[in-house]
file structure_25.pdb (PDB, C-alpha atoms, pLDDT in the B column)
ATOM      1  CA  MET A   5      91.567  95.765  91.654  1.00 56.00           C
ATOM      2  CA  SER A   6      91.229  92.009  91.975  1.00 62.00           C
ATOM      3  CA  GLU A   7      89.571  89.895  89.269  1.00 80.00           C
ATOM      4  CA  ARG A   8      87.243  88.430  91.890  1.00 82.00           C
ATOM      5  CA  LEU A   9      83.475  89.019  91.538  1.00 92.00           C
ATOM      6  CA  ARG A  10      81.734  90.252  94.694  1.00 92.00           C
ATOM      7  CA  VAL A  11      78.412  91.458  96.045  1.00 95.00           C
ATOM      8  CA  ALA A  12      77.609  94.162  98.594  1.00 94.00           C
ATOM      9  CA  ALA A  13      74.342  94.910 100.391  1.00 95.00           C
ATOM     10  CA  VAL A  14      72.933  98.317 101.254  1.00 94.00           C
ATOM     11  CA  ILE A  15      70.716  97.683 104.289  1.00 95.00           C
ATOM     12  CA  GLN A  16      69.085 100.899 105.383  1.00 92.00           C
ATOM     13  CA  ARG A  17      67.134 101.720 108.542  1.00 92.00           C
ATOM     14  CA  GLY A  18      65.867 105.287 108.445  1.00 88.00           C
ATOM     15  CA  ASN A  19      68.856 107.439 107.523  1.00 85.00           C
ATOM     16  CA  GLN A  20      71.397 104.845 108.699  1.00 91.00           C
ATOM     17  CA  VAL A  21      73.189 102.094 106.775  1.00 92.00           C
ATOM     18  CA  LEU A  22      74.469  98.835 108.273  1.00 95.00           C
ATOM     19  CA  MET A  23      78.250  98.595 107.977  1.00 93.00           C
ATOM     20  CA  VAL A  24      80.750  95.892 108.976  1.00 91.00           C
ATOM     21  CA  ARG A  25      84.147  96.726 110.508  1.00 88.00           C
ATOM     22  CA  GLU A  26      86.986  94.556 109.211  1.00 83.00           C
ATOM     23  CA  ARG A  27      90.769  94.314 109.468  1.00 81.00           C
ATOM     24  CA  VAL A  28      93.219  94.570 106.595  1.00 78.00           C
ATOM     25  CA  GLN A  29      95.305  91.498 105.784  1.00 77.00           C
ATOM     26  CA  THR A  30      98.936  92.592 106.277  1.00 81.00           C
ATOM     27  CA  GLU A  31     100.493  89.356 105.083  1.00 80.00           C
ATOM     28  CA  PRO A  32      99.090  85.998 103.972  1.00 77.00           C
ATOM     29  CA  GLY A  33      97.162  84.519 106.876  1.00 74.00           C
ATOM     30  CA  ARG A  34      97.272  87.643 109.097  1.00 76.00           C
ATOM     31  CA  HIS A  35      94.301  90.005 109.399  1.00 75.00           C
ATOM     32  CA  ASP A  36      95.978  92.305 111.895  1.00 78.00           C
ATOM     33  CA  GLY A  37      96.204  95.578 109.987  1.00 80.00           C
ATOM     34  CA  PRO A  38      94.174  98.780 110.151  1.00 83.00           C
ATOM     35  CA  GLU A  39      90.417  98.572 110.549  1.00 83.00           C
ATOM     36  CA  TYR A  40      87.978  99.791 107.913  1.00 82.00           C
ATOM     37  CA  TRP A  41      84.199  99.929 107.448  1.00 85.00           C
ATOM     38  CA  THR A  42      82.476  98.281 104.497  1.00 87.00           C
ATOM     39  CA  LEU A  43      79.036  97.131 103.414  1.00 91.00           C
ATOM     40  CA  PRO A  44      78.101  93.522 104.215  1.00 94.00           C
ATOM     41  CA  GLY A  45      79.063  91.303 101.309  1.00 92.00           C
ATOM     42  CA  GLY A  46      81.752  89.130  99.848  1.00 88.00           C
ATOM     43  CA  GLY A  47      82.815  86.873  97.033  1.00 89.00           C
ATOM     44  CA  ILE A  48      80.496  85.172  94.581  1.00 94.00           C
ATOM     45  CA  GLU A  49      81.006  81.396  94.567  1.00 93.00           C
ATOM     46  CA  PRO A  50      81.589  79.577  91.237  1.00 93.00           C
ATOM     47  CA  ASP A  51      78.286  79.159  89.333  1.00 94.00           C
ATOM     48  CA  GLU A  52      76.436  81.327  91.907  1.00 96.00           C
ATOM     49  CA  GLU A  53      74.167  84.153  90.773  1.00 97.00           C
ATOM     50  CA  PRO A  54      74.845  87.565  92.369  1.00 97.00           C
ATOM     51  CA  ALA A  55      71.281  87.748  93.794  1.00 97.00           C
ATOM     52  CA  VAL A  56      71.835  84.405  95.522  1.00 97.00           C
ATOM     53  CA  ALA A  57      75.286  85.442  96.735  1.00 97.00           C
ATOM     54  CA  VAL A  58      74.019  88.650  98.368  1.00 97.00           C
ATOM     55  CA  ARG A  59      71.406  86.687 100.324  1.00 97.00           C
ATOM     56  CA  ARG A  60      74.038  84.200 101.515  1.00 95.00           C
ATOM     57  CA  GLU A  61      76.581  86.890 102.424  1.00 94.00           C
ATOM     58  CA  VAL A  62      74.081  88.998 104.400  1.00 96.00           C
ATOM     59  CA  LEU A  63      73.015  85.946 106.390  1.00 95.00           C
ATOM     60  CA  GLU A  64      76.640  84.882 107.014  1.00 92.00           C
ATOM     61  CA  GLU A  65      78.003  88.313 107.929  1.00 92.00           C
ATOM     62  CA  VAL A  66      75.165  90.002 109.821  1.00 95.00           C
ATOM     63  CA  GLY A  67      72.664  87.206 110.527  1.00 95.00           C
ATOM     64  CA  LEU A  68      69.751  88.820 108.694  1.00 96.00           C
ATOM     65  CA  GLU A  69      67.440  87.164 106.165  1.00 97.00           C
ATOM     66  CA  VAL A  70      67.065  89.074 102.890  1.00 98.00           C
ATOM     67  CA  THR A  71      63.420  89.371 101.854  1.00 97.00           C
ATOM     68  CA  ALA A  72      63.988  91.472  98.711  1.00 97.00           C
ATOM     69  CA  ALA A  73      67.047  92.510  96.712  1.00 97.00           C
ATOM     70  CA  ARG A  74      67.378  94.937  93.815  1.00 95.00           C
ATOM     71  CA  GLU A  75      70.622  95.451  91.909  1.00 95.00           C
ATOM     72  CA  VAL A  76      71.599  99.123  91.906  1.00 92.00           C
ATOM     73  CA  ALA A  77      75.175  99.253  90.611  1.00 89.00           C
ATOM     74  CA  ARG A  78      78.265  97.416  89.443  1.00 91.00           C
ATOM     75  CA  ILE A  79      81.422  99.141  90.554  1.00 88.00           C
ATOM     76  CA  PRO A  80      85.151  98.471  90.846  1.00 85.00           C
ATOM     77  CA  TYR A  81      86.225  97.796  94.422  1.00 76.00           C
ATOM     78  CA  PRO A  82      89.693  96.992  95.809  1.00 75.00           C
ATOM     79  CA  SER A  83      88.813  93.307  96.235  1.00 73.00           C
ATOM     80  CA  GLY A  84      86.980  92.882  92.903  1.00 78.00           C
ATOM     81  CA  LEU A  85      84.143  94.024  90.651  1.00 90.00           C
ATOM     82  CA  THR A  86      81.170  94.419  92.983  1.00 92.00           C
ATOM     83  CA  THR A  87      77.460  94.126  92.261  1.00 94.00           C
ATOM     84  CA  VAL A  88      75.706  96.331  94.823  1.00 93.00           C
ATOM     85  CA  PHE A  89      72.159  95.497  95.916  1.00 95.00           C
ATOM     86  CA  ARG A  90      69.604  97.511  97.853  1.00 94.00           C
ATOM     87  CA  VAL A  91      68.131  94.886 100.159  1.00 95.00           C
ATOM     88  CA  GLU A  92      65.211  94.606 102.535  1.00 96.00           C
ATOM     89  CA  VAL A  93      65.620  92.262 105.495  1.00 97.00           C
ATOM     90  CA  ALA A  94      63.296  90.422 107.863  1.00 96.00           C
ATOM     91  CA  ASP A  95      62.746  91.887 111.306  1.00 93.00           C
ATOM     92  CA  GLY A  96      65.524  91.319 113.778  1.00 93.00           C
ATOM     93  CA  GLU A  97      68.738  92.840 115.017  1.00 95.00           C
ATOM     94  CA  PRO A  98      71.982  92.231 113.142  1.00 96.00           C
ATOM     95  CA  ARG A  99      74.693  90.161 114.769  1.00 93.00           C
ATOM     96  CA  LEU A 100      78.279  89.781 113.668  1.00 89.00           C
ATOM     97  CA  GLY A 101      78.913  86.522 111.851  1.00 86.00           C
ATOM     98  CA  VAL A 102      82.075  84.477 111.705  1.00 74.00           C
ATOM     99  CA  ASP A 103      84.266  84.341 108.624  1.00 67.00           C
ATOM    100  CA  PRO A 104      85.882  80.915 108.166  1.00 67.00           C
ATOM    101  CA  LEU A 105      89.527  81.848 107.571  1.00 62.00           C
ATOM    102  CA  ASP A 106      92.780  79.944 107.289  1.00 66.00           C
ATOM    103  CA  CYS A 107      94.188  82.006 110.158  1.00 66.00           C
ATOM    104  CA  ASP A 108      93.347  82.454 113.824  1.00 60.00           C
ATOM    105  CA  CYS A 109      92.681  86.194 113.522  1.00 62.00           C
ATOM    106  CA  PRO A 110      89.275  87.800 112.979  1.00 60.00           C
ATOM    107  CA  ARG A 111      88.666  89.632 109.730  1.00 77.00           C
ATOM    108  CA  MET A 112      85.243  90.954 110.806  1.00 79.00           C
ATOM    109  CA  VAL A 113      85.516  92.705 114.165  1.00 84.00           C
ATOM    110  CA  GLY A 114      82.292  94.716 114.502  1.00 90.00           C
ATOM    111  CA  LEU A 115      79.156  96.137 112.944  1.00 94.00           C
ATOM    112  CA  ASP A 116      77.054  99.223 113.432  1.00 92.00           C
ATOM    113  CA  TRP A 117      74.401 101.436 111.910  1.00 94.00           C
ATOM    114  CA  VAL A 118      76.234 104.402 110.321  1.00 89.00           C
ATOM    115  CA  GLU A 119      74.575 107.727 109.525  1.00 87.00           C
ATOM    116  CA  ALA A 120      74.303 108.244 105.757  1.00 78.00           C
ATOM    117  CA  PRO A 121      75.358 111.746 104.673  1.00 70.00           C
ATOM    118  CA  SER A 122      72.542 114.060 103.619  1.00 67.00           C
ATOM    119  CA  LEU A 123      72.874 115.082  99.960  1.00 62.00           C
ATOM    120  CA  GLU A 124      70.413 116.575  97.506  1.00 66.00           C
ATOM    121  CA  SER A 125      69.334 114.205  94.723  1.00 65.00           C
ATOM    122  CA  GLN A 126      66.877 114.530  91.854  1.00 68.00           C
ATOM    123  CA  HIS A 127      66.168 110.803  92.042  1.00 65.00           C
ATOM    124  CA  GLY A 128      65.999 110.187  95.786  1.00 63.00           C
ATOM    125  CA  GLY A 129      68.038 107.507  97.490  1.00 62.00           C
ATOM    126  CA  SER A 130      70.951 107.874  99.885  1.00 57.00           C
ATOM    127  CA  PRO A 131      74.684 108.136  99.323  1.00 57.00           C
ATOM    128  CA  VAL A 132      76.488 105.165 100.865  1.00 57.00           C
ATOM    129  CA  PRO A 133      80.242 104.908 101.461  1.00 54.00           C
ATOM    130  CA  LEU A 134      81.454 101.519 100.239  1.00 52.00           C
ATOM    131  CA  LEU A 135      84.759 101.600 102.037  1.00 49.00           C
ATOM    132  CA  VAL A 136      85.767 103.909 104.897  1.00 46.00           C
ATOM    133  CA  TYR A 137      89.199 103.496 106.481  1.00 40.00           C
ATOM    134  CA  CYS A 138      89.635 104.441 110.139  1.00 40.00           C
ATOM    135  CA  TRP A 139      93.296 104.405 111.096  1.00 33.00           C
TER     136      TRP A 139
END

call {"tool": "encode", "arguments": {"input": "structure_25.pdb", "output": "structure tokens"}}
result
Amino acid sequence: MSERLRVAAVIQRGNQVLMVRERVQTEPGRHDGPEYWTLPGGGIEPDEEPAVAVRREVLEEVGLEVTAAREVARIPYPSGLTTVFRVEVADGEPRLGVDPLDCDCPRMVGLDWVEAPSLESQHGGSPVPLLVYCW
């Protein structure tokens, strides 16, 4: 796990969760590896609060304005310790943002609403996969 601090957003619509499809970096400057699905999110900037970072990342990655955010977990993730937020967004359809990278290859290549698995829970809520590889 990286030492980087990150945020991730759980954006739910009914029993679906918004996920972003990205490509693995195979070598420095090349995002041309296998694709995987992840929650919208990314790195926390220096001196930035996680609640501010999740609003910025959601807007950058999926073009939605966060209207409310509640921290639900802090978990290890391959690219760094991640603060996960349950967020509400303003009306509108998501659109794939652009990640400013030092290479000419896209890291983010798609987004979609993914069905959340149905599991019994004493406390409610929905299980959400943070990282799903599709080879």

call {"tool": "residues_around", "arguments": {"input": "structure_25.pdb", "residues": "Gly96 (chain A)", "least_positions_apart": "4", "cutoff": "9 Å", "atoms": "all atoms listed in the file", "output": "VMD selection string"}}
result
chain A and resid 67 to 69

call {"tool": "resolve_selection", "arguments": {"input": "structure_25.pdb", "expression": "the PyMOL selection byres ((chain A and resi 17-29) around 8)", "output": "VMD selection string"}}
result
chain A and resid 14 to 16 30 to 44 110 to 120 130 132

call {"tool": "resolve_selection", "arguments": {"input": "structure_25.pdb", "expression": "the PyMOL selection byres ((chain A and resi 71) around 6)", "output": "ChimeraX atom specification"}}
result
/A:70,72,92-93

call {"tool": "residues_around", "arguments": {"input": "structure_25.pdb", "residues": "Gly46 (chain A)", "least_positions_apart": "3", "cutoff": "10 Å", "atoms": "only C-alpha atoms", "output": "list of chain:residue names"}}
result
A:Arg8, A:Leu9, A:Arg10, A:Val11, A:Ala12, A:Ala13, A:Leu43, A:Glu49, A:Ala57, A:Val58, A:Arg60, A:Glu61, A:Val62, A:Glu64, A:Glu65, A:Ser83, A:Gly84, A:Thr86

call {"tool": "closest_residue", "arguments": {"input": "structure_25.pdb", "among": "A:Val102, A:Val56, A:Ala94, A:Val88", "to": "Arg74 (chain A)", "atoms": "all atoms listed in the file"}}
result
A:Val88

call {"tool": "atom_distance", "arguments": {"input": "structure_25.pdb", "atom1": "CA of Arg99 (chain A)", "atom2": "CA of Val66 (chain A)"}}
result
5.0 Å

call {"tool": "atom_distance", "arguments": {"input": "structure_25.pdb", "atom1": "CA of Arg78 (chain A)", "atom2": "CA of Glu52 (chain A)"}}
result
16.4 Å

call {"tool": "atom_distance", "arguments": {"input": "structure_25.pdb", "atom1": "CA of Glu97 (chain A)", "atom2": "CA of Tyr81 (chain A)"}}
result
27.5 Å

call {"tool": "closest_residue", "arguments": {"input": "structure_25.pdb", "among": "A:Phe89, A:Val76, A:Gly45, A:Ala55", "to": "Gly101 (chain A)", "atoms": "all atoms listed in the file"}}
result
A:Gly45

call {"tool": "axis_aligned_box", "arguments": {"input": "structure_25.pdb", "around": "region 67-76 of chain A", "padding_each_side": "4 Å", "output": "AutoDock Vina command-line options"}}
result
--center_x 68.0 --center_y 93.1 --center_z 101.2 --size_x 17.2 --size_y 20.0 --size_z 26.6

call {"tool": "decode", "arguments": {"input": "structure_25.pdb", "residues": "region 32-52 of chain A", "atoms": "N, CA and C atoms", "output": "PDB file, in the first residue's frame"}}
result
ATOM      1  N   PRO A  32       6.067   3.676 -15.767  1.00  0.00           N
ATOM      2  CA  PRO A  32       5.893   5.125 -15.580  1.00  0.00           C
ATOM      3  C   PRO A  32       5.449   5.807 -16.875  1.00  0.00           C
ATOM      4  N   GLY A  33       4.338   6.537 -16.783  1.00  0.00           N
ATOM      5  CA  GLY A  33       3.857   7.283 -17.932  1.00  0.00           C
ATOM      6  C   GLY A  33       2.978   6.504 -18.888  1.00  0.00           C
ATOM      7  N   ARG A  34       2.656   5.238 -18.581  1.00  0.00           N
ATOM      8  CA  ARG A  34       1.832   4.423 -19.490  1.00  0.00           C
ATOM      9  C   ARG A  34       0.679   3.779 -18.736  1.00  0.00           C
ATOM     10  N   HIS A  35      -0.527   4.273 -18.969  1.00  0.00           N
ATOM     11  CA  HIS A  35      -1.741   3.665 -18.414  1.00  0.00           C
ATOM     12  C   HIS A  35      -2.363   2.810 -19.517  1.00  0.00           C
ATOM     13  N   ASP A  36      -1.751   1.670 -19.781  1.00  0.00           N
ATOM     14  CA  ASP A  36      -2.215   0.823 -20.870  1.00  0.00           C
ATOM     15  C   ASP A  36      -2.391  -0.621 -20.426  1.00  0.00           C
ATOM     16  N   GLY A  37      -2.539  -0.827 -19.126  1.00  0.00           N
ATOM     17  CA  GLY A  37      -2.708  -2.171 -18.590  1.00  0.00           C
ATOM     18  C   GLY A  37      -4.159  -2.581 -18.500  1.00  0.00           C
ATOM     19  N   PRO A  38      -4.428  -3.615 -17.698  1.00  0.00           N
ATOM     20  CA  PRO A  38      -5.800  -4.102 -17.537  1.00  0.00           C
ATOM     21  C   PRO A  38      -6.719  -3.018 -16.970  1.00  0.00           C
ATOM     22  N   GLU A  39      -7.992  -3.144 -17.281  1.00  0.00           N
ATOM     23  CA  GLU A  39      -8.984  -2.214 -16.752  1.00  0.00           C
ATOM     24  C   GLU A  39      -9.509  -2.731 -15.417  1.00  0.00           C
ATOM     25  N   TYR A  40      -9.936  -1.814 -14.568  1.00  0.00           N
ATOM     26  CA  TYR A  40     -10.571  -2.159 -13.307  1.00  0.00           C
ATOM     27  C   TYR A  40     -11.617  -1.107 -12.970  1.00  0.00           C
ATOM     28  N   TRP A  41     -12.547  -1.464 -12.090  1.00  0.00           N
ATOM     29  CA  TRP A  41     -13.604  -0.558 -11.649  1.00  0.00           C
ATOM     30  C   TRP A  41     -13.287  -0.088 -10.238  1.00  0.00           C
ATOM     31  N   THR A  42     -13.528   1.179  -9.965  1.00  0.00           N
ATOM     32  CA  THR A  42     -13.277   1.730  -8.641  1.00  0.00           C
ATOM     33  C   THR A  42     -14.294   2.835  -8.354  1.00  0.00           C
ATOM     34  N   LEU A  43     -14.402   3.209  -7.099  1.00  0.00           N
ATOM     35  CA  LEU A  43     -15.265   4.332  -6.741  1.00  0.00           C
ATOM     36  C   LEU A  43     -14.622   5.631  -7.205  1.00  0.00           C
ATOM     37  N   PRO A  44     -15.405   6.653  -7.515  1.00  0.00           N
ATOM     38  CA  PRO A  44     -14.819   7.961  -7.822  1.00  0.00           C
ATOM     39  C   PRO A  44     -14.004   8.443  -6.619  1.00  0.00           C
ATOM     40  N   GLY A  45     -12.882   9.034  -6.894  1.00  0.00           N
ATOM     41  CA  GLY A  45     -12.034   9.536  -5.809  1.00  0.00           C
ATOM     42  C   GLY A  45     -10.615   9.729  -6.282  1.00  0.00           C
ATOM     43  N   GLY A  46      -9.751  10.052  -5.332  1.00  0.00           N
ATOM     44  CA  GLY A  46      -8.355  10.268  -5.682  1.00  0.00           C
ATOM     45  C   GLY A  46      -7.582  10.833  -4.516  1.00  0.00           C
ATOM     46  N   GLY A  47      -6.417  11.356  -4.817  1.00  0.00           N
ATOM     47  CA  GLY A  47      -5.503  11.830  -3.791  1.00  0.00           C
ATOM     48  C   GLY A  47      -5.941  13.119  -3.114  1.00  0.00           C
ATOM     49  N   ILE A  48      -5.595  13.217  -1.838  1.00  0.00           N
ATOM     50  CA  ILE A  48      -5.830  14.430  -1.067  1.00  0.00           C
ATOM     51  C   ILE A  48      -4.627  15.345  -1.285  1.00  0.00           C
ATOM     52  N   GLU A  49      -4.887  16.582  -1.656  1.00  0.00           N
ATOM     53  CA  GLU A  49      -3.817  17.562  -1.879  1.00  0.00           C
ATOM     54  C   GLU A  49      -3.213  17.982  -0.532  1.00  0.00           C
ATOM     55  N   PRO A  50      -1.960  18.477  -0.525  1.00  0.00           N
ATOM     56  CA  PRO A  50      -1.361  18.958   0.721  1.00  0.00           C
ATOM     57  C   PRO A  50      -2.252  20.024   1.373  1.00  0.00           C
ATOM     58  N   ASP A  51      -2.439  19.918   2.675  1.00  0.00           N
ATOM     59  CA  ASP A  51      -3.245  20.856   3.472  1.00  0.00           C
ATOM     60  C   ASP A  51      -4.728  20.854   3.098  1.00  0.00           C
ATOM     61  N   GLU A  52      -5.217  19.824   2.404  1.00  0.00           N
ATOM     62  CA  GLU A  52      -6.627  19.733   2.039  1.00  0.00           C
ATOM     63  C   GLU A  52      -7.324  18.770   3.002  1.00  0.00           C
TER      64      GLU A  52
END
